[in-house]
Each structure stands twice: as C-alpha cells, then as structure tokens.
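*Asks:* protein.txt is reproduced in full below (compact mmCIF, C-alpha atoms).
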```txt
# COMPACT_ATOMS: atom_id res chain seq x y z
CA MET A 110 -10.94 17.89 25.84
CA TRP A 111 -10.96 14.91 23.48
CA ARG A 112 -7.79 14.39 21.46
CA HIS A 113 -7.41 12.12 18.47
CA PRO A 114 -5.04 9.27 19.46
CA SER A 115 -2.79 9.98 16.48
CA LEU A 116 -1.92 13.34 18.03
CA ASP A 117 0.00 11.39 20.67
CA LEU A 118 2.04 9.17 18.40
CA SER A 119 5.58 8.91 19.70
CA VAL A 120 8.66 6.96 18.70
CA SER A 121 9.10 4.20 21.27
CA ASN A 122 10.08 0.54 21.47
CA ILE A 123 11.48 0.53 17.94
CA ARG A 124 11.81 -2.94 16.49
CA TYR A 125 13.77 -3.78 13.36
CA PHE A 126 12.70 -6.43 10.87
CA SER A 127 16.03 -7.08 9.23
CA LYS A 128 16.07 -10.23 7.11
CA HIS A 129 15.52 -8.34 3.87
CA LYS A 130 18.25 -8.43 1.21
CA GLY A 131 17.00 -5.42 -0.73
CA GLU A 132 14.77 -2.36 -0.52
CA VAL A 133 11.50 -2.92 1.36
CA ASN A 134 8.75 -1.90 -1.07
CA CYS A 135 5.59 -2.51 0.93
CA CYS A 136 4.30 -3.71 4.30
CA ALA A 137 0.85 -4.83 5.48
CA PHE A 138 -0.74 -5.88 8.76
CA SER A 139 -3.11 -8.78 9.24
CA PRO A 140 -6.56 -7.67 10.45
CA ASP A 141 -5.84 -8.94 13.98
CA CYS A 142 -2.60 -6.87 14.06
CA GLN A 143 -0.61 -9.96 15.07
CA ILE A 144 1.20 -10.58 11.79
CA MET A 145 3.08 -8.23 9.52
CA LEU A 146 3.84 -8.94 5.86
CA THR A 147 6.69 -7.28 3.94
CA CYS A 148 7.92 -7.57 0.37
CA CYS A 149 11.27 -6.70 -1.05
CA ASP A 150 13.46 -6.20 -4.10
CA ASP A 151 15.07 -9.56 -3.28
CA GLY A 152 12.00 -11.29 -4.79
CA ARG A 153 10.68 -12.62 -1.48
CA LEU A 154 7.87 -12.00 0.97
CA TYR A 155 8.34 -12.20 4.73
CA LEU A 156 5.93 -12.89 7.59
CA TRP A 157 6.71 -11.52 11.05
CA ASN A 158 5.25 -11.51 14.52
CA ALA A 159 4.29 -7.84 14.72
CA THR A 160 4.89 -7.63 18.48
CA SER A 161 8.20 -9.43 18.88
CA ALA A 162 9.58 -8.89 15.35
CA LYS A 163 10.25 -12.63 15.18
CA HIS A 164 10.65 -13.85 11.61
CA LEU A 165 7.97 -16.49 10.95
CA ALA A 166 8.31 -17.45 7.29
CA THR A 167 9.84 -16.48 3.96
CA PHE A 168 7.92 -16.97 0.71
CA ASN A 169 9.77 -17.67 -2.52
CA GLY A 170 8.32 -17.99 -5.99
CA HIS A 171 8.61 -14.65 -7.72
CA SER A 172 11.54 -14.31 -10.11
CA GLY A 173 11.84 -10.53 -9.74
CA PRO A 174 11.43 -7.75 -7.18
CA VAL A 175 8.10 -7.87 -5.31
CA LYS A 176 6.55 -4.43 -5.60
CA SER A 177 3.32 -4.70 -3.62
CA CYS A 178 1.70 -6.95 -0.99
CA VAL A 179 -1.63 -6.94 0.82
CA PHE A 180 -3.72 -9.06 3.22
CA SER A 181 -7.32 -10.03 2.53
CA SER A 182 -9.88 -8.60 4.95
CA ASP A 183 -10.17 -11.89 6.88
CA GLY A 184 -6.39 -12.30 7.06
CA GLN A 185 -6.43 -15.81 5.61
CA LEU A 186 -4.91 -14.83 2.26
CA PHE A 187 -2.35 -12.36 1.03
CA ALA A 188 -1.39 -11.30 -2.47
CA SER A 189 1.80 -10.07 -4.10
CA ALA A 190 2.67 -8.28 -7.34
CA SER A 191 6.06 -8.54 -8.98
CA HIS A 192 8.37 -7.26 -11.66
CA ASP A 193 8.14 -10.80 -13.12
CA ARG A 194 4.68 -9.83 -14.53
CA THR A 195 2.75 -12.12 -12.17
CA VAL A 196 0.40 -11.77 -9.25
CA ARG A 197 0.35 -14.51 -6.62
CA ILE A 198 -2.28 -15.32 -4.00
CA TRP A 199 -0.96 -17.10 -0.92
CA SER A 200 -2.55 -18.96 1.98
CA ARG A 201 -1.38 -17.66 5.34
CA SER A 202 -2.15 -20.94 7.15
CA SER A 203 -0.62 -23.41 4.69
CA THR A 204 2.08 -21.01 3.42
CA GLU A 205 1.27 -22.24 -0.11
CA CYS A 206 0.65 -20.24 -3.25
CA THR A 207 -3.00 -20.91 -4.14
CA HIS A 208 -3.12 -19.03 -7.47
CA ILE A 209 -0.56 -17.66 -9.91
CA LEU A 210 -2.24 -14.98 -12.02
CA THR A 211 -0.04 -14.86 -15.08
CA GLY A 212 -0.09 -14.31 -18.83
CA THR A 213 -2.40 -11.31 -18.77
CA HIS A 214 -0.13 -8.42 -17.82
CA THR A 215 1.76 -8.32 -21.09
CA ARG A 216 4.57 -5.85 -20.53
CA GLY A 217 6.95 -5.06 -17.70
CA SER A 218 6.27 -5.02 -13.99
CA VAL A 219 3.03 -5.50 -12.06
CA GLU A 220 3.26 -2.53 -9.70
CA THR A 221 0.17 -2.76 -7.52
CA VAL A 222 -2.30 -5.25 -6.04
CA SER A 223 -5.29 -4.69 -3.73
CA PHE A 224 -8.05 -6.86 -2.21
CA SER A 225 -11.60 -5.58 -2.02
CA PRO A 226 -12.80 -5.20 1.59
CA ASP A 227 -15.44 -7.91 1.05
CA GLY A 228 -12.69 -10.33 0.01
CA GLN A 229 -14.23 -11.25 -3.33
CA TRP A 230 -12.10 -9.28 -5.78
CA LEU A 231 -8.49 -8.45 -6.43
CA VAL A 232 -7.16 -5.66 -8.64
CA SER A 233 -3.71 -5.60 -10.21
CA GLY A 234 -2.08 -2.92 -12.34
CA GLY A 235 1.18 -2.55 -14.18
CA TRP A 236 3.34 -1.28 -16.99
CA ASP A 237 0.90 -2.45 -19.69
CA ASN A 238 -1.42 0.48 -18.76
CA ARG A 239 -4.17 -1.90 -17.61
CA ALA A 240 -5.97 -2.68 -14.36
CA LEU A 241 -7.31 -6.22 -14.06
CA ILE A 242 -10.08 -7.42 -11.74
CA TRP A 243 -9.80 -11.04 -10.54
CA ARG A 244 -12.10 -13.36 -8.63
CA VAL A 245 -10.14 -14.30 -5.51
CA GLN A 246 -11.63 -17.75 -4.96
CA SER A 247 -10.95 -19.06 -8.46
CA GLY A 248 -8.25 -16.79 -9.84
CA GLU A 249 -10.53 -16.02 -12.80
CA LEU A 250 -10.04 -12.77 -14.71
CA LEU A 251 -13.31 -10.79 -14.64
CA GLU A 252 -12.60 -7.32 -15.99
CA ASP A 253 -9.90 -5.62 -18.01
CA LEU A 254 -10.02 -1.90 -17.22
CA ARG A 255 -8.46 0.19 -19.98
CA GLY A 256 -8.16 3.93 -20.31
CA HIS A 257 -4.85 4.94 -18.78
CA THR A 258 -2.23 5.95 -21.33
CA ALA A 259 0.74 4.98 -19.18
CA ALA A 260 1.63 2.45 -16.47
CA VAL A 261 -0.75 1.84 -13.57
CA GLN A 262 1.28 2.24 -10.38
CA SER A 263 -1.31 2.35 -7.60
CA SER A 264 -4.75 1.00 -6.72
CA ALA A 265 -7.32 0.99 -3.93
CA PHE A 266 -10.88 -0.26 -3.35
CA SER A 267 -13.57 1.83 -1.71
CA SER A 268 -14.77 0.61 1.68
CA ASP A 269 -18.01 -0.77 0.17
CA SER A 270 -16.06 -2.75 -2.50
CA GLN A 271 -18.14 -1.14 -5.26
CA CYS A 272 -15.44 1.11 -6.71
CA VAL A 273 -11.76 0.77 -7.46
CA ALA A 274 -9.34 3.64 -8.02
CA THR A 275 -6.18 3.44 -10.11
CA GLY A 276 -3.29 5.87 -10.30
CA SER A 277 -1.03 6.12 -13.32
CA TRP A 278 2.13 7.51 -14.81
CA ASP A 279 -0.22 9.47 -17.11
CA ARG A 280 -0.73 11.74 -14.06
CA THR A 281 -4.41 10.89 -13.62
CA VAL A 282 -6.54 8.96 -11.16
CA ARG A 283 -9.42 6.92 -12.53
CA VAL A 284 -12.31 5.65 -10.41
CA TRP A 285 -14.20 2.69 -11.82
CA LYS A 286 -17.58 1.29 -10.77
CA LEU A 287 -17.14 -2.47 -10.83
CA PHE A 288 -19.02 -4.46 -13.46
CA GLU A 289 -20.71 -1.41 -14.94
CA GLU A 290 -20.19 -0.13 -18.46
CA LYS A 291 -20.12 3.51 -17.37
CA GLU A 292 -17.01 5.47 -18.23
CA ALA A 293 -14.58 5.84 -15.36
CA VAL A 294 -14.37 9.11 -13.42
CA THR A 295 -11.05 10.78 -14.30
CA LEU A 296 -9.42 13.01 -11.69
CA GLN A 297 -6.83 15.43 -13.03
CA GLY A 298 -4.51 17.89 -11.36
CA HIS A 299 -1.30 16.07 -10.52
CA LEU A 300 1.80 17.10 -12.46
CA GLY A 301 3.62 13.78 -11.97
CA ASN A 302 3.07 10.04 -11.73
CA VAL A 303 0.38 9.01 -9.23
CA ALA A 304 2.30 6.66 -6.96
CA CYS A 305 -0.17 5.86 -4.17
CA LEU A 306 -3.89 5.87 -3.37
CA CYS A 307 -6.00 5.36 -0.28
CA PHE A 308 -9.75 5.52 0.48
CA SER A 309 -11.11 6.62 3.84
CA VAL A 310 -14.13 4.97 5.44
CA SER A 311 -16.18 8.07 4.57
CA GLY A 312 -15.36 7.82 0.86
CA MET A 313 -12.60 10.39 0.53
CA LEU A 314 -9.79 9.37 -1.81
CA ALA A 315 -6.20 10.50 -1.26
CA SER A 316 -3.65 10.41 -4.07
CA GLY A 317 0.10 10.99 -3.81
CA SER A 318 2.32 11.93 -6.71
CA TRP A 319 5.87 12.40 -7.89
CA ASP A 320 4.99 16.10 -8.11
CA GLY A 321 5.35 16.25 -4.31
CA THR A 322 1.66 16.78 -3.56
CA VAL A 323 -1.12 14.83 -1.90
CA ARG A 324 -4.62 15.54 -3.20
CA VAL A 325 -7.76 14.56 -1.31
CA TRP A 326 -10.88 14.07 -3.44
CA LEU A 327 -14.57 13.34 -3.32
CA PRO A 328 -14.11 11.10 -6.35
CA LEU A 329 -17.64 10.62 -7.65
CA SER A 330 -18.21 14.38 -7.43
CA HIS A 331 -14.99 15.09 -9.34
CA ALA A 332 -14.09 17.46 -6.49
CA CYS A 333 -10.62 18.06 -5.06
CA LEU A 334 -11.13 18.99 -1.40
CA PHE A 335 -7.58 20.13 -0.64
CA VAL A 336 -3.94 19.79 -1.69
CA LEU A 337 -1.01 19.13 0.63
CA GLY A 338 2.67 19.85 -0.05
CA GLY A 339 4.18 20.95 -3.31
CA CYS A 340 6.87 23.25 -1.93
CA GLU A 341 9.56 20.65 -2.51
CA ARG A 342 9.52 18.31 -5.48
CA VAL A 343 9.81 14.99 -3.64
CA TRP A 344 8.18 11.72 -4.57
CA VAL A 345 5.17 10.94 -2.34
CA ARG A 346 5.49 7.18 -1.90
CA SER A 347 2.79 6.04 0.52
CA LEU A 348 -0.51 7.12 2.08
CA ALA A 349 -2.65 5.74 4.90
CA PHE A 350 -5.86 6.94 6.52
CA SER A 351 -6.45 6.24 10.19
CA ARG A 352 -9.32 3.90 10.92
CA ASP A 353 -11.76 6.77 11.50
CA GLY A 354 -10.51 8.74 8.49
CA LEU A 355 -9.58 11.81 10.56
CA VAL A 356 -5.83 11.51 10.07
CA LEU A 357 -3.93 11.01 6.84
CA ALA A 358 -0.33 9.79 7.06
CA SER A 359 2.01 10.28 4.12
CA THR A 360 5.64 9.52 3.31
CA ALA A 361 7.87 11.07 0.69
CA GLU A 362 11.31 10.31 -0.72
CA GLY A 363 13.93 11.28 1.87
CA ASP A 364 11.30 12.88 4.11
CA MET A 365 9.50 12.13 7.35
CA VAL A 366 6.14 10.47 7.92
CA LYS A 367 3.69 13.38 8.10
CA GLN A 368 0.22 13.30 9.64
CA THR A 369 -2.49 15.68 8.52
CA HIS A 370 -5.91 16.29 10.04
CA THR A 371 -8.42 15.76 7.24
CA HIS A 372 -10.98 18.24 8.60
CA THR A 373 -8.67 21.18 9.30
CA HIS A 374 -6.12 20.23 6.59
CA THR A 375 -3.33 21.06 9.05
CA LEU A 376 -0.10 19.17 9.75
CA ILE A 377 -0.37 17.74 13.25
CA GLN A 378 2.83 15.71 13.61
CA THR A 379 5.93 14.36 11.90
CA VAL A 380 7.58 11.09 12.94
CA CYS A 381 10.44 8.95 11.64
CA ASP A 382 13.12 9.96 9.13
CA SER A 383 13.48 8.92 5.47
CA ALA A 384 10.48 6.59 5.29
CA TYR A 385 9.43 4.82 2.09
CA GLY A 386 6.10 3.44 3.23
CA CYS A 387 3.55 3.80 6.02
CA VAL A 388 0.52 1.90 7.24
CA PHE A 389 -1.75 2.10 10.29
CA THR A 390 -2.59 -1.11 12.08
CA PRO A 391 -6.28 -1.98 11.76
CA ASP A 392 -6.86 -1.00 15.41
CA GLY A 393 -5.27 2.40 14.73
CA LYS A 394 -2.76 2.17 17.58
CA LEU A 395 0.43 1.75 15.58
CA LEU A 396 1.89 3.44 12.54
CA THR A 397 4.60 1.47 10.76
CA SER A 398 7.12 2.75 8.25
CA GLY A 399 9.54 1.01 5.89
CA SER A 400 12.82 2.44 4.65
CA GLU A 401 16.12 1.70 2.97
CA GLN A 402 18.02 2.25 6.21
CA LEU A 403 20.75 -0.35 6.45
CA ASP A 404 21.05 -2.14 9.76
CA VAL A 405 23.91 -4.43 10.75
CA GLU A 406 22.61 -7.43 12.62
CA GLU A 407 24.84 -9.67 14.71
CA ASP A 408 23.32 -12.84 13.29
CA GLU A 409 24.86 -16.01 11.97
CA GLU A 410 25.68 -14.43 8.64
CA ASN A 411 26.76 -11.11 10.18
CA SER A 412 25.32 -9.50 7.04
CA THR A 413 24.11 -5.99 6.29
CA GLU A 414 20.40 -6.13 5.54
CA GLU A 415 17.57 -3.79 4.66
CA SER A 416 15.30 -2.99 7.60
CA LEU A 417 11.72 -2.07 8.38
CA ASN A 418 10.92 -0.44 11.70
CA THR A 419 7.87 -0.12 13.87
CA GLY A 420 7.65 2.04 16.91
CA GLN A 421 5.29 4.94 16.39
CA ASP A 422 3.05 3.95 19.28
CA CYS A 423 -0.31 5.63 19.65
CA LYS A 424 -0.60 6.14 23.38
CA GLU A 425 -4.20 6.71 24.32
```
Would it be possible to restate this file's structure as structure tokens?
*Replies:*
Amino acid sequence: MWRHPSLDLSVSNIRYFSKHKGEVNCCAFSPDCQIMLTCCDDGRLYLWNATSAKHLATFNGHSGPVKSCVFSSDGQLFASASHDRTVRIWSRSSTECTHILTGTHTRGSVETVSFSPDGQWLVSGGWDNRALIWRVQSGELLEDLRGHTAAVQSSAFSSDSQCVATGSWDRTVRVWKLFEEKEAVTLQGHLGNVACLCFSVSGMLASGSWDGTVRVWLPLSHACLFVLGGCERVWVRSLAFSRDGLVLASTAEGDMVKQTHTHTHTLIQTVCDSAYGCVFTPDGKLLTSGSEQLDVEEDEENSTEESLNTGQDCKE
C-alpha cells in the first residue's frame, strides 16, 4: 500500500546551526536544497551548507532584528524584512545587497516578506497596516494594499503568482488579486493575530493564529474547509505544506511540529520539541525546524548561541 513519505519522518542525523546570537525567526531553503538561509534577532542573515551545516556567509546591513527571510524561486536572490523598517534584496552569488526598499513602511517593524513563484514580485507587510508589492528587478513600488486595520504579520503568494494573501493583527486574512481594482477577499474566523500563511499547490490557503488554531481555506470561495487545534491557547508560529499539498506541518509556541493530512484532517505525526518555525525542503524529503534552544558550542569563542536544527528525515 502506498504511504505518503511524510508518514515516515523520523528524527535522525540532527545538525545544529549555531552561530546565531539571538532568537532564530525564520529559515528558508534554496530551490536546489543545497543552501539554507536563516535570520535572527541579532540583525544578521546566515547562509549554510544544508548538508554539512557549514557556515558559508553572514550578511550585515539591517540595524534591527531580522523578522523574515525568503529565497526567490530560482535561488539567485533572497530577501529580508527587519524591525528597522526596511526590506533588503540580496544576491546569493555576489553576497551583495542589490536593493534597499526603504522609506515606504512608515511605522515600526516590517514583519513579513515573500517572493512570487514567478520571481517578478515581492510583498512586504508591517506595523503600518499595509502590504506593499515591489518589482524585484528594479526595486520599484507597484502597489500599496490597504484595508487591514492593524499590523500585517504574514504573507504568501499563490502558486500561480496571481494572488497574494496577508494575515493581520486585526484577526483577518485578506486575499488580493494583483493589479486589479477588485476588493480583497476577507476571511474571518480567527480570534487572534494571524501569524503565518501558506498556499498549497492546489490553491488551499492555511492560516495560523495566536488563538491556537490553524484554518484551511478555499480563499476565493470564502470557504473554511476545516479547523485544527484550539484546545490550548498557544501561538501558532509557522506553517508549511508538503510539495504535493497532502501534508500540512505546523509549529506552535512551546509545542511540537505537528503534521496533518489535508484530506482526512487527521494528525499523522509529531516531531521535535518546542519549535518556532518549520519548512519543507523543495524536494519534500526534509522538514526543518528553528527554535530558541540554547546550544553550547566548543568553538573559538566558547559562547552560548541560539541554534536551528535539521534532522527530520523523510525516509522513502
């Protein structure tokens, strides 16, 4: 009988990525699964060899905690969003910052940044209640999406790059059709801030909230397909669909990484303790989680550093 590979995830060959000097807020894999990118409250971004955990480069430039990071679909660029109110686009090959998107987010932190799958657009959202659409190649601001009544904390593009979803402290999710004057679809139901969003390849949208629930929607139909959790009021911090969209991984404050089958809506496995973030590799064979677990490394500085671990191998 066929089994989904994620059913056989197991904790093995754990590797620690321990140069961070603060809480790890986000991690992302390059499309070829060879490079991992992390960002941290220490204001830096880090590149790693995903297999060996070798530290490849550190990127400085932000003057505040880096809240979000993401690779472009071709892996040549990555972007970061910071508490310093800026978004930066970086070149992976030259290790240079190609664009600093500044002066438009007018208040507080930029909490989220996402590339469109076609690589043309970038969305950023922050404490000024706005979501901004940028042209990646030029750094030009194209759209200013307004409608949320509180900070925008999360964002995600649909797989066809035609829609972008934003999640807010106003407890709603809004789904916008790019470059159309139609009013955004507003999805309501959460009782807390919407902290994370993720589209599946089939068009489902998952949203995670401070109310301890994950909701899975058919966004353009305004339909909530099912709700996960809610028994304990813990902050859902991160969501990730498997490549085929059949498994949804989620992490919550002080909780494990949980995997749910999207067709049966049943919990199929829990892995890793106290995870703050999760992401599947593009090939679907590895699930990575980031945490605030302190790890003492016997390095030159003999310092205590924040760590990110990988090791949930999908054994096919």
*Asks:* Of the candidates A:Leu314, A:Val282, A:Val219, A:Val273, which one gets nearest to Phe350 (chain A) if we count only C-alpha atoms?
*Replies:*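 Of the candidates, the smallest distance to Phe350 (chain A) is held by A:Leu314.
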*Asks:* Looking at only C-alpha atoms, which of A:Gly354, A:Pro140, A:Gly184, A:Gly298 is the one that sits closest to Phe335 (chain A)?
*Replies:*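 Result for the nearest residue to Phe335 (chain A): A:Gly298.
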*Asks:* List the spatial neighbours of Thr167 (chain A) as an MDAnalysis selection string - criterion: any atom at most 8 Å away, only C-alpha atoms, same-chain residues fewer than 5 positions off excluded.
*Replies:* chainID A and resid 153:156
*Asks:* Only C-alpha atoms, please: the residues just picked out, written as a PDB file, in the coordinates of the input.
*Replies:*
```pdb
ATOM      1  CA  ARG A 153      10.680 -12.620  -1.480  1.00  0.00           C
ATOM      2  CA  LEU A 154       7.870 -12.000   0.970  1.00  0.00           C
ATOM      3  CA  TYR A 155       8.340 -12.200   4.730  1.00  0.00           C
ATOM      4  CA  LEU A 156       5.930 -12.890   7.590  1.00  0.00           C
TER       5      LEU A 156
END
```
*Asks:* So how many Å separate CA of His372 (chain A) and CA of Val179 (chain A), to one decimal?
*Replies:*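 Pair CA of His372 (chain A) / CA of Val179 (chain A) returns 28.0 Å.
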*Asks:* So, with all atoms listed in the file as the atoms that count, which of A:Arg324, A:Arg197, A:Arg216, A:His257 lies closest to Cys305 (chain A)?
*Replies:*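 Closest to Cys305 (chain A), using all atoms listed in the file: A:Arg324.
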*Asks:* Measuring atom to atom with only C-alpha atoms, identify which of A:Ser268, A:Thr369, A:Ser318, A:Ser203 is nearest to Leu355 (chain A).
*Replies:* A:Thr369
*Asks:* CA of Asp279 (chain A) and CA of Gly301 (chain A), how far apart in Å?
*Replies:*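 Answer for the CA of Gly301 (chain A) to CA of Asp279 (chain A) separation: 7.7 Å.
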*Asks:* Interatomic distance between CA of Ile144 (chain A) and CA of Ser191 (chain A)?
*Replies:* 21.4 Å
